[in-house]
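Shown here: final02.cif, mmCIF, C-alpha atoms.
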```cif
data_run
loop_
_atom_site.label_atom_id
_atom_site.label_comp_id
_atom_site.auth_asym_id
_atom_site.auth_seq_id
_atom_site.Cartn_x
_atom_site.Cartn_y
_atom_site.Cartn_z
CA MET Q 1 0.00 0.00 0.00
CA LYS Q 2 1.33 3.41 -0.95
CA LEU Q 3 2.20 5.78 1.86
CA PHE Q 4 1.80 8.80 -0.42
CA LYS Q 5 -1.12 9.67 -2.70
CA ARG Q 6 0.30 11.20 -5.82
CA ASN Q 7 -2.85 13.05 -6.93
CA LYS Q 8 -3.35 14.87 -3.67
CA ASN Q 9 -2.29 18.29 -4.89
CA ASP Q 10 -3.39 18.02 -8.52
CA LYS Q 11 -6.21 20.53 -8.01
CA LYS Q 12 -3.85 22.96 -6.34
CA THR Q 13 -1.39 22.63 -9.23
CA VAL Q 14 -4.18 23.27 -11.74
CA ARG Q 15 -5.25 26.39 -9.84
CA GLU Q 16 -1.68 27.69 -9.80
CA THR Q 17 -1.39 27.06 -13.55
CA GLU Q 18 -4.70 28.86 -14.20
CA LYS Q 19 -3.52 31.86 -12.19
CA ILE Q 20 -0.32 32.07 -14.25
CA ALA Q 21 -2.29 31.72 -17.49
CA GLN Q 22 -4.75 34.45 -16.45
CA SER Q 23 -1.90 36.80 -15.57
CA VAL Q 24 -0.33 36.15 -18.97
CA MET Q 25 -3.56 36.74 -20.88
CA GLY Q 26 -4.31 39.86 -18.89
CA SER Q 27 -1.13 41.62 -20.07
CA SER Q 28 -0.03 41.49 -23.68
CA PHE Q 29 3.53 42.64 -22.94
CA SER Q 30 4.66 40.34 -20.13
CA ASN Q 31 6.53 37.07 -20.04
CA PRO Q 32 4.60 33.98 -18.86
CA PHE Q 33 7.00 33.36 -15.97
CA ARG Q 34 6.30 36.38 -13.75
CA VAL Q 35 6.53 34.11 -10.71
CA MET Q 36 10.25 34.97 -10.74
CA ASP Q 37 9.41 38.65 -10.21
CA ARG Q 38 7.65 37.65 -6.97
CA TYR Q 39 10.58 35.52 -5.80
CA ILE Q 40 11.25 35.70 -2.05
CA PRO Q 41 14.79 34.57 -1.06
CA SER Q 42 15.06 31.71 1.45
CA SER Q 43 11.41 30.77 0.96
CA ASN Q 44 10.49 27.20 1.90
CA ASN Q 45 8.01 26.62 -0.91
CA GLN Q 46 10.06 27.02 -4.09
CA TYR Q 47 8.98 24.00 -6.10
CA PHE Q 48 6.79 25.97 -8.53
CA LEU Q 49 9.58 28.52 -8.89
CA TYR Q 50 12.23 25.96 -9.85
CA SER Q 51 9.86 24.24 -12.29
CA ALA Q 52 9.14 27.62 -13.90
CA LEU Q 53 12.89 28.30 -14.13
CA ARG Q 54 13.46 25.14 -16.15
CA GLU Q 55 10.55 25.94 -18.42
CA ALA Q 56 11.49 29.59 -18.90
CA ILE Q 57 15.26 29.25 -19.53
CA PRO Q 58 16.05 26.42 -22.00
CA VAL Q 59 19.75 26.46 -21.01
CA ILE Q 60 18.87 25.44 -17.44
CA ASP Q 61 16.65 22.58 -18.54
CA SER Q 62 19.22 21.39 -21.09
CA ALA Q 63 22.03 21.46 -18.51
CA ILE Q 64 20.08 19.36 -15.99
CA ASN Q 65 19.05 16.85 -18.68
CA LYS Q 66 22.66 16.50 -19.82
CA LEU Q 67 23.86 15.95 -16.25
CA VAL Q 68 21.28 13.17 -15.88
CA ARG Q 69 22.39 11.51 -19.13
CA LEU Q 70 26.10 11.89 -18.37
CA LEU Q 71 25.65 10.22 -14.99
CA GLY Q 72 26.23 6.86 -16.65
CA THR Q 73 25.20 3.31 -15.77
CA PHE Q 74 26.20 0.90 -13.04
CA ASP Q 75 26.41 -2.80 -12.28
CA VAL Q 76 25.93 -4.56 -8.94
CA ILE Q 77 28.39 -7.32 -7.99
CA CYS Q 78 27.28 -9.89 -5.37
CA GLU Q 79 29.06 -12.78 -3.63
CA SER Q 80 26.70 -15.35 -5.19
CA LYS Q 81 26.33 -15.51 -8.96
CA GLU Q 82 22.74 -16.66 -8.52
CA ALA Q 83 21.97 -13.64 -6.35
CA GLU Q 84 23.74 -11.36 -8.80
CA TYR Q 85 21.73 -12.71 -11.74
CA GLY Q 86 18.43 -12.41 -9.85
CA LEU Q 87 19.26 -8.88 -8.72
CA LYS Q 88 20.16 -7.90 -12.28
CA CYS Q 89 16.82 -9.20 -13.57
CA PHE Q 90 15.03 -7.29 -10.80
CA LEU Q 91 16.80 -4.01 -11.60
CA GLU Q 92 15.97 -4.37 -15.29
CA ASN Q 93 12.27 -5.20 -14.83
CA VAL Q 94 11.12 -3.42 -11.66
CA LYS Q 95 8.18 -1.04 -12.13
CA THR Q 96 9.04 2.61 -11.60
CA ASN Q 97 7.02 5.82 -11.78
CA GLY Q 98 3.87 4.52 -13.39
CA SER Q 99 4.49 3.06 -16.85
CA ASN Q 100 8.31 3.00 -16.77
CA ILE Q 101 10.26 -0.21 -16.23
CA GLY Q 102 13.81 -0.51 -14.96
CA PHE Q 103 15.71 0.86 -12.00
CA LYS Q 104 17.82 3.06 -14.25
CA CYS Q 105 14.69 4.98 -15.29
CA PHE Q 106 13.90 5.50 -11.63
CA ILE Q 107 17.39 6.69 -10.70
CA SER Q 108 17.38 9.15 -13.63
CA SER Q 109 14.10 10.71 -12.47
CA TYR Q 110 15.32 10.62 -8.87
CA PHE Q 111 18.55 12.42 -9.80
CA ASP Q 112 16.60 14.96 -11.87
CA ARG Q 113 14.43 15.87 -8.88
CA LEU Q 114 17.49 15.99 -6.63
CA LEU Q 115 19.15 18.59 -8.84
CA THR Q 116 15.99 20.64 -9.37
CA TYR Q 117 14.57 20.74 -5.84
CA GLY Q 118 17.60 19.85 -3.71
CA THR Q 119 15.72 16.94 -2.09
CA ALA Q 120 14.52 13.72 -3.67
CA VAL Q 121 12.13 11.35 -1.91
CA ALA Q 122 10.95 7.95 -3.12
CA GLU Q 123 9.03 4.99 -1.73
CA ILE Q 124 9.68 1.26 -2.09
CA LEU Q 125 6.53 -0.83 -2.58
CA PRO Q 126 7.00 -4.48 -1.48
CA TYR Q 127 4.65 -7.37 -2.21
CA LYS Q 128 2.11 -8.25 0.47
CA ASN Q 129 4.01 -11.41 1.38
CA LEU Q 130 7.27 -9.41 1.63
CA ARG Q 131 8.98 -11.80 -0.79
CA GLY Q 132 10.15 -9.09 -3.13
CA ILE Q 133 9.78 -5.50 -4.29
CA TYR Q 134 6.82 -4.66 -6.52
CA GLY Q 135 7.91 -1.17 -7.58
CA ILE Q 136 9.59 2.11 -6.73
CA TYR Q 137 8.22 5.57 -7.41
CA ASN Q 138 9.27 9.16 -6.81
CA VAL Q 139 7.19 11.16 -4.35
CA CYS Q 140 5.97 14.66 -5.19
CA ASN Q 141 7.85 17.14 -3.01
CA ASN Q 142 4.67 19.11 -2.33
CA ASP Q 143 3.14 16.09 -0.60
CA ILE Q 144 5.78 15.71 2.10
CA VAL Q 145 7.24 17.64 5.03
CA LEU Q 146 10.60 16.76 6.53
CA LYS Q 147 11.16 17.21 10.26
CA ARG Q 148 14.08 16.52 12.54
CA THR Q 149 13.72 13.61 14.94
CA ASP Q 150 13.82 14.57 18.61
CA GLY Q 151 17.03 13.35 20.22
CA ASN Q 152 18.54 12.00 16.99
CA PRO Q 153 20.16 14.54 14.65
CA PHE Q 154 21.00 11.84 12.09
CA GLU Q 155 17.42 10.95 11.17
CA LEU Q 156 14.64 12.85 9.46
CA SER Q 157 10.97 12.25 10.12
CA VAL Q 158 8.93 12.11 6.91
CA CYS Q 159 5.39 13.52 7.21
CA VAL Q 160 2.52 13.64 4.75
CA ARG Q 161 0.48 16.77 4.10
CA GLU Q 162 -3.22 15.81 4.09
CA LYS Q 163 -6.00 17.43 2.05
CA ASN Q 164 -7.30 19.33 5.07
CA GLY Q 165 -3.86 20.79 5.73
CA ASN Q 166 -2.95 18.51 8.64
CA ILE Q 167 0.46 16.84 8.78
CA SER Q 168 0.82 13.21 9.79
CA SER Q 169 3.93 11.05 10.16
CA VAL Q 170 4.64 8.16 7.79
CA LYS Q 171 4.30 4.79 9.50
CA ASN Q 172 6.71 2.59 7.57
CA SER Q 173 9.63 4.98 7.32
CA GLY Q 174 11.99 2.12 6.44
CA ARG Q 175 10.56 2.08 2.92
CA ILE Q 176 11.33 5.75 2.29
CA LEU Q 177 14.40 6.85 0.33
CA ILE Q 178 15.69 10.39 0.95
CA THR Q 179 18.66 12.19 -0.59
CA SER Q 180 19.61 15.80 0.09
CA LEU Q 181 21.94 17.89 -2.06
CA ASN Q 182 24.28 20.17 -0.09
CA PRO Q 183 22.17 20.14 3.12
CA GLN Q 184 22.44 23.13 5.42
CA PRO Q 185 22.51 22.86 9.26
CA ASP Q 186 19.44 25.08 9.66
CA LYS Q 187 17.31 23.26 7.05
CA THR Q 188 15.82 19.79 6.91
CA GLY Q 189 16.08 19.45 3.14
CA GLY Q 190 18.80 20.01 0.60
CA THR Q 191 19.81 22.94 -1.57
CA SER Q 192 18.73 23.07 -5.18
CA ILE Q 193 21.34 23.55 -7.87
CA LEU Q 194 19.09 26.37 -9.13
CA GLN Q 195 19.37 28.39 -5.93
CA GLY Q 196 20.55 31.91 -6.72
CA LEU Q 197 19.34 31.83 -10.33
CA PRO Q 198 15.81 33.36 -10.02
CA PHE Q 199 17.12 36.95 -9.83
CA VAL Q 200 19.52 36.55 -12.76
CA SER Q 201 16.92 34.64 -14.77
CA SER Q 202 14.27 37.30 -14.20
CA ILE Q 203 16.59 39.92 -15.74
CA LEU Q 204 17.32 37.64 -18.69
CA LEU Q 205 13.58 37.12 -19.22
CA LYS Q 206 13.06 40.88 -19.25
CA ILE Q 207 15.61 41.12 -22.05
CA PHE Q 208 13.86 38.36 -24.00
CA THR Q 209 10.48 40.04 -23.44
CA ALA Q 210 11.84 43.40 -24.60
CA ILE Q 211 13.25 41.79 -27.75
CA GLY Q 212 9.84 40.29 -28.48
CA GLN Q 213 8.14 43.65 -27.94
CA ASN Q 214 10.60 45.45 -30.19
CA TRP Q 215 10.04 42.93 -32.97
CA ASP Q 216 6.30 43.28 -32.55
CA ARG Q 217 6.68 47.01 -33.00
CA ALA Q 218 9.48 47.24 -35.55
CA GLY Q 219 9.39 43.82 -37.17
CA ASN Q 220 5.80 44.22 -38.34
CA VAL Q 221 6.35 47.46 -40.26
CA ARG Q 222 3.93 50.30 -39.56
CA PHE Q 223 3.56 53.40 -41.71
CA ALA Q 224 2.69 57.00 -40.95
CA VAL Q 225 0.69 58.51 -43.82
CA THR Q 226 0.49 62.30 -43.62
CA TYR Q 227 -1.61 64.46 -45.94
CA LYS Q 228 -0.60 68.10 -46.18
CA PRO Q 229 -3.38 70.40 -47.47
CA PRO Q 230 -2.40 73.29 -49.81
CA ALA Q 231 -1.15 76.40 -48.06
CA ASP Q 232 -3.54 78.65 -49.98
CA GLY Q 233 -6.53 76.96 -48.35
CA SER Q 234 -8.02 75.86 -51.69
CA ASP Q 235 -8.77 72.39 -50.23
CA GLY Q 236 -10.97 74.04 -47.66
CA ALA Q 237 -13.95 71.97 -46.56
CA PHE Q 238 -12.78 68.87 -48.42
CA THR Q 239 -9.70 68.30 -46.24
CA GLN Q 240 -11.40 65.86 -43.88
CA GLN Q 241 -13.11 63.92 -46.68
CA ARG Q 242 -9.86 63.66 -48.61
CA ALA Q 243 -7.96 62.45 -45.53
CA GLU Q 244 -10.61 59.79 -44.87
CA LEU Q 245 -10.44 58.66 -48.49
CA ILE Q 246 -6.63 58.39 -48.34
CA ALA Q 247 -6.87 56.37 -45.08
CA LYS Q 248 -9.44 54.03 -46.63
CA GLU Q 249 -7.40 53.41 -49.76
CA TRP Q 250 -4.18 52.92 -47.75
CA SER Q 251 -5.84 50.42 -45.46
CA LYS Q 252 -7.19 48.53 -48.47
CA ALA Q 253 -3.73 48.45 -50.05
CA MET Q 254 -2.15 47.09 -46.85
CA GLN Q 255 -4.79 44.40 -46.37
CA ASP Q 256 -4.49 43.12 -49.91
CA ASN Q 257 -2.70 39.73 -50.06
CA GLY Q 258 -1.03 40.55 -53.36
CA VAL Q 259 0.98 43.56 -54.50
CA SER Q 260 -1.17 46.66 -54.81
CA ASP Q 261 -0.48 50.31 -55.59
CA PHE Q 262 -1.57 53.36 -53.63
CA ILE Q 263 -2.51 56.47 -55.57
CA ALA Q 264 -3.18 59.77 -53.85
CA VAL Q 265 -3.74 63.33 -55.02
CA GLY Q 266 -1.96 66.16 -53.25
CA ASP Q 267 1.03 66.34 -50.91
CA VAL Q 268 1.09 62.93 -49.19
CA ASP Q 269 4.10 61.89 -47.08
CA ILE Q 270 4.66 58.21 -46.11
CA LYS Q 271 7.24 57.17 -43.50
CA VAL Q 272 8.05 53.94 -41.70
CA ILE Q 273 7.42 54.13 -37.95
CA GLY Q 274 10.45 53.03 -35.96
CA ALA Q 275 12.83 52.81 -38.92
CA ASP Q 276 15.22 55.32 -37.36
CA ASN Q 277 14.97 53.89 -33.86
CA GLN Q 278 18.12 52.22 -32.49
CA ILE Q 279 17.44 49.01 -30.55
CA LEU Q 280 19.69 48.34 -27.56
CA ASP Q 281 22.34 45.68 -28.01
CA CYS Q 282 21.32 42.58 -26.04
CA GLN Q 283 24.25 40.28 -26.88
CA LEU Q 284 26.64 41.58 -24.23
CA PRO Q 285 24.21 41.68 -21.26
CA GLY Q 286 22.61 38.42 -22.42
CA ARG Q 287 25.96 36.64 -22.48
CA LEU Q 288 26.87 38.12 -19.09
CA LEU Q 289 23.72 36.65 -17.56
CA LEU Q 290 24.18 33.31 -19.32
CA GLU Q 291 27.73 33.09 -17.95
CA GLN Q 292 26.35 33.42 -14.43
CA ILE Q 293 23.78 30.68 -15.10
CA VAL Q 294 26.27 28.28 -16.70
CA SER Q 295 28.81 28.78 -13.91
CA LYS Q 296 26.14 27.85 -11.34
CA LEU Q 297 25.12 24.71 -13.22
CA GLY Q 298 28.70 23.45 -13.45
CA ILE Q 299 28.60 22.20 -17.04
CA PRO Q 300 30.95 23.30 -19.87
CA PRO Q 301 29.39 25.87 -22.23
CA PHE Q 302 30.23 23.90 -25.39
CA LEU Q 303 27.99 21.06 -24.20
CA LEU Q 304 25.07 23.50 -24.20
CA GLY Q 305 25.67 24.73 -27.74
CA LEU Q 306 27.23 28.04 -26.62
CA SER Q 307 30.04 28.88 -29.05
CA TRP Q 308 32.15 30.95 -26.69
CA SER Q 309 35.91 31.27 -27.15
CA SER Q 310 37.51 28.07 -25.91
CA THR Q 311 40.80 26.31 -26.60
CA GLU Q 312 41.42 22.58 -26.71
CA ARG Q 313 43.30 22.73 -23.40
CA MET Q 314 40.47 24.67 -21.75
CA SER Q 315 37.86 22.22 -23.03
CA SER Q 316 39.88 19.31 -21.62
CA GLN Q 317 40.09 20.99 -18.21
CA GLN Q 318 36.36 21.73 -18.23
CA ALA Q 319 35.69 18.07 -19.04
CA ASP Q 320 37.84 17.01 -16.07
CA ILE Q 321 35.90 19.34 -13.78
CA LEU Q 322 32.62 17.90 -15.07
CA THR Q 323 33.94 14.40 -14.35
CA SER Q 324 34.61 15.33 -10.73
CA GLU Q 325 31.10 16.80 -10.45
CA LEU Q 326 29.55 13.59 -11.75
CA GLU Q 327 31.66 11.51 -9.36
CA HIS Q 328 30.28 13.60 -6.49
CA TYR Q 329 26.70 13.00 -7.64
CA ARG Q 330 27.38 9.26 -7.90
CA LEU Q 331 28.50 9.19 -4.27
CA LEU Q 332 25.18 10.79 -3.29
CA LEU Q 333 23.18 8.15 -5.18
CA ASN Q 334 25.16 5.13 -3.99
CA PRO Q 335 23.29 4.84 -0.64
CA VAL Q 336 19.92 4.76 -2.47
CA ILE Q 337 21.08 2.06 -4.87
CA SER Q 338 22.65 0.02 -2.06
CA ARG Q 339 19.54 0.25 0.10
CA VAL Q 340 17.24 -1.03 -2.64
CA CYS Q 341 19.63 -3.84 -3.53
CA SER Q 342 20.11 -4.85 0.11
CA MET Q 343 16.35 -4.94 0.68
CA TRP Q 344 15.78 -7.16 -2.37
CA LEU Q 345 18.63 -9.52 -1.41
CA ALA Q 346 17.35 -9.83 2.18
CA MET Q 347 13.77 -10.48 1.04
CA ASN Q 348 14.95 -13.29 -1.22
CA GLY Q 349 17.22 -14.94 1.35
CA TYR Q 350 20.61 -13.87 -0.02
CA SER Q 351 23.53 -12.18 1.64
CA THR Q 352 23.22 -8.40 1.50
CA ARG Q 353 26.89 -7.88 0.68
CA HIS Q 354 27.31 -6.28 -2.72
CA THR Q 355 29.33 -3.67 -4.58
CA VAL Q 356 28.08 -0.93 -6.92
CA ASN Q 357 30.41 -0.41 -9.88
CA TRP Q 358 29.80 2.63 -12.07
CA SER Q 359 30.89 2.71 -15.67
CA ASN Q 360 33.44 5.22 -16.87
CA ILE Q 361 31.85 8.51 -17.75
CA ASN Q 362 32.98 8.69 -21.38
CA LEU Q 363 35.22 7.07 -23.97
CA GLN Q 364 37.99 9.56 -23.27
CA ASP Q 365 38.39 8.08 -19.79
CA GLU Q 366 38.75 4.62 -21.31
CA VAL Q 367 41.52 5.87 -23.64
CA GLU Q 368 43.36 7.62 -20.81
CA LEU Q 369 43.18 4.52 -18.60
CA ALA Q 370 44.46 2.36 -21.46
CA ASN Q 371 47.37 4.77 -22.07
CA ALA Q 372 48.18 4.76 -18.36
CA ARG Q 373 48.26 0.95 -18.29
CA LEU Q 374 50.48 0.93 -21.39
CA ILE Q 375 52.95 3.41 -19.87
CA ASN Q 376 53.08 1.47 -16.59
CA THR Q 377 53.69 -1.80 -18.48
CA LYS Q 378 56.57 -0.26 -20.46
CA ALA Q 379 58.07 1.16 -17.26
CA ASP Q 380 57.90 -2.24 -15.53
CA LYS Q 381 59.52 -3.90 -18.53
CA LEU Q 382 62.40 -1.41 -18.59
CA GLU Q 383 62.96 -1.82 -14.88
CA SER Q 384 63.06 -5.61 -15.18
CA GLU Q 385 65.57 -5.40 -18.07
CA ILE Q 386 67.82 -3.00 -16.15
#
```
Representation of the structure as structure tokens:
Amino acid sequence: MKLFKRNKNDKKTVRETEKIAQSVMGSSFSNPFRVMDRYIPSSNNQYFLYSALREAIPVIDSAINKLVRLLGTFDVICESKEAEYGLKCFLENVKTNGSNIGFKCFISSYFDRLLTYGTAVAEILPYKNLRGIYGIYNVCNNDIVLKRTDGNPFELSVCVREKNGNISSVKNSGRILITSLNPQPDKTGGTSILQGLPFVSSILLKIFTAIGQNWDRAGNVRFAVTYKPPADGSDGAFTQQRAELIAKEWSKAMQDNGVSDFIAVGDVDIKVIGADNQILDCQLPGRLLLEQIVSKLGIPPFLLGLSWSSTERMSSQQADILTSELEHYRLLLNPVISRVCSMWLAMNGYSTRHTVNWSNINLQDEVELANARLINTKADKLESEI
């Protein structure tokens, strides 16, 4: 039986989405992510904000997706080959997050939520006879509240937020998986990788919105048609009628799908509105803001399609830094993987001793390891000959 009901806050989410949509439709010159303008630092409820950040800034969403894909795969080594084969079949066929199958799909979604919200929570669903694990699913962060256990600073109490607003503790806490990213002493949860980006992102969205407004004004060319009556006053009472006729014929010429001519009698002046206006350069401030965002995400710019100046040596160093970042994230996920594997092995009567072996992050690592082994072999051979 599930300890968390996943559809508990669906109505609340729909209401929040409707409010955002209404605010967008109410103003024709505003970006659809104005939640960042109402950002309050150090607020506890930031899940909608971080989701809006990923949707508003494609670079942020692309960086998190690439970190998830670059995390790599892993294998679990057990003392018994029979236990290892059974555990491998379980990890490949376990149900995760609704229609997905496979523990790797679960760990990818788990890692994605860990980066986005700073805290990832999941639940293990065993069979009724406790002879195996039926499935694993990620819990919505809005459904839970983390509290510190009285007298034990090393444990967190997981509570569920009910429909009426009450908070109740989870009974079977042994089935709950929790991982926190960069936890702070004064907080129960972790710190999102997106912390500090709402302010910078709101400025970047203002630039994008201004670009869209300028193209609406200057991109769709508008004309100023001016009729100048004769100075001698001979036009007299027919000035208004002639101006209305010119406006009618000009409007008809502009609405025609094909090429049409405009013919007017008298002194008529036609100018393009906004043709002489100089639009502010957005490349320099836009790049400055993107540099702040990319530096916070910890991923090389060339992996995000940003063609900034970079040498081969610099790219190699950035790749090494990314490798160390991924190794750090793997260490955070190892306890979750080990706990699921230990629970399955214990339920099926096997020894819980096992080892999690991650694959090398990329082919470049394989080449460097092979070159290192070759150099060490040559050095050993020379030493033996001497």
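Between atom CA of Ser192 of chain Q and atom CA of Ser180 of chain Q the separation is 9.0 Å.
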At a cut-off of 9 Å, using only C-alpha atoms, what residues contact segment 194-197 of chain Q? Leave out same-chain residues fewer than 2 positions from it and give the result as a VMD selection string.
chain Q and resid 41 50 53 60 115 to 118 191 to 192 199 to 202 292 to 293 296 to 297
Quick one: of Q:Leu382, Q:Pro335, Q:Ser108, Q:Tyr127, who's nearest to Leu70 of chain Q, counting only C-alpha atoms?
Q:Ser108
In terms of all atoms listed in the file, the residue from Q:Phe74, Q:Phe238, Q:Tyr47, Q:Phe208 at minimal distance from Arg330 of chain Q is Q:Phe74
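Picture a line from atom CA of Ile337 of chain Q to atom CA of Glu79 of chain Q; it runs 16.9 Å.
Going from atom CA of Gly286 of chain Q to atom CA of Gly212 of chain Q covers 14.3 Å.
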Of the candidates Q:Tyr137, Q:Arg113, Q:Gly86, Q:Val336, which one gets nearest to Ser51 of chain Q if we count all atoms listed in the file?
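That would be Q:Arg113, the residue with the smallest distance to Ser51 of chain Q.
Residues surrounding Ala243 of chain Q within 12 Å are Val225, Thr226, Tyr227, Lys228, Pro229, Asp235, Ala237, Glu249, Trp250, Ala264, Val265, Gly266, Asp267 and Val268 of chain Q [all atoms listed in the file; sequence separation below 6 positions excluded].
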Residue among Q:Lys248, Q:Trp344, Q:Leu181, Q:Thr239 lying closest to Tyr134 of chain Q, counting only C-alpha atoms
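The answer is Q:Trp344, which sits nearest to Tyr134 of chain Q.
Around segment 145-152 of chain Q, within 10 Å and counting all atoms listed in the file, the residues found are Asn141, Leu156, Ser157, Val158, Cys159, Val160, Arg161, Ile167, Ser168, Ser169, Ile178, Lys187, Thr188 and Gly189 of chain Q, once anything fewer than 4 positions away on its own chain is removed.
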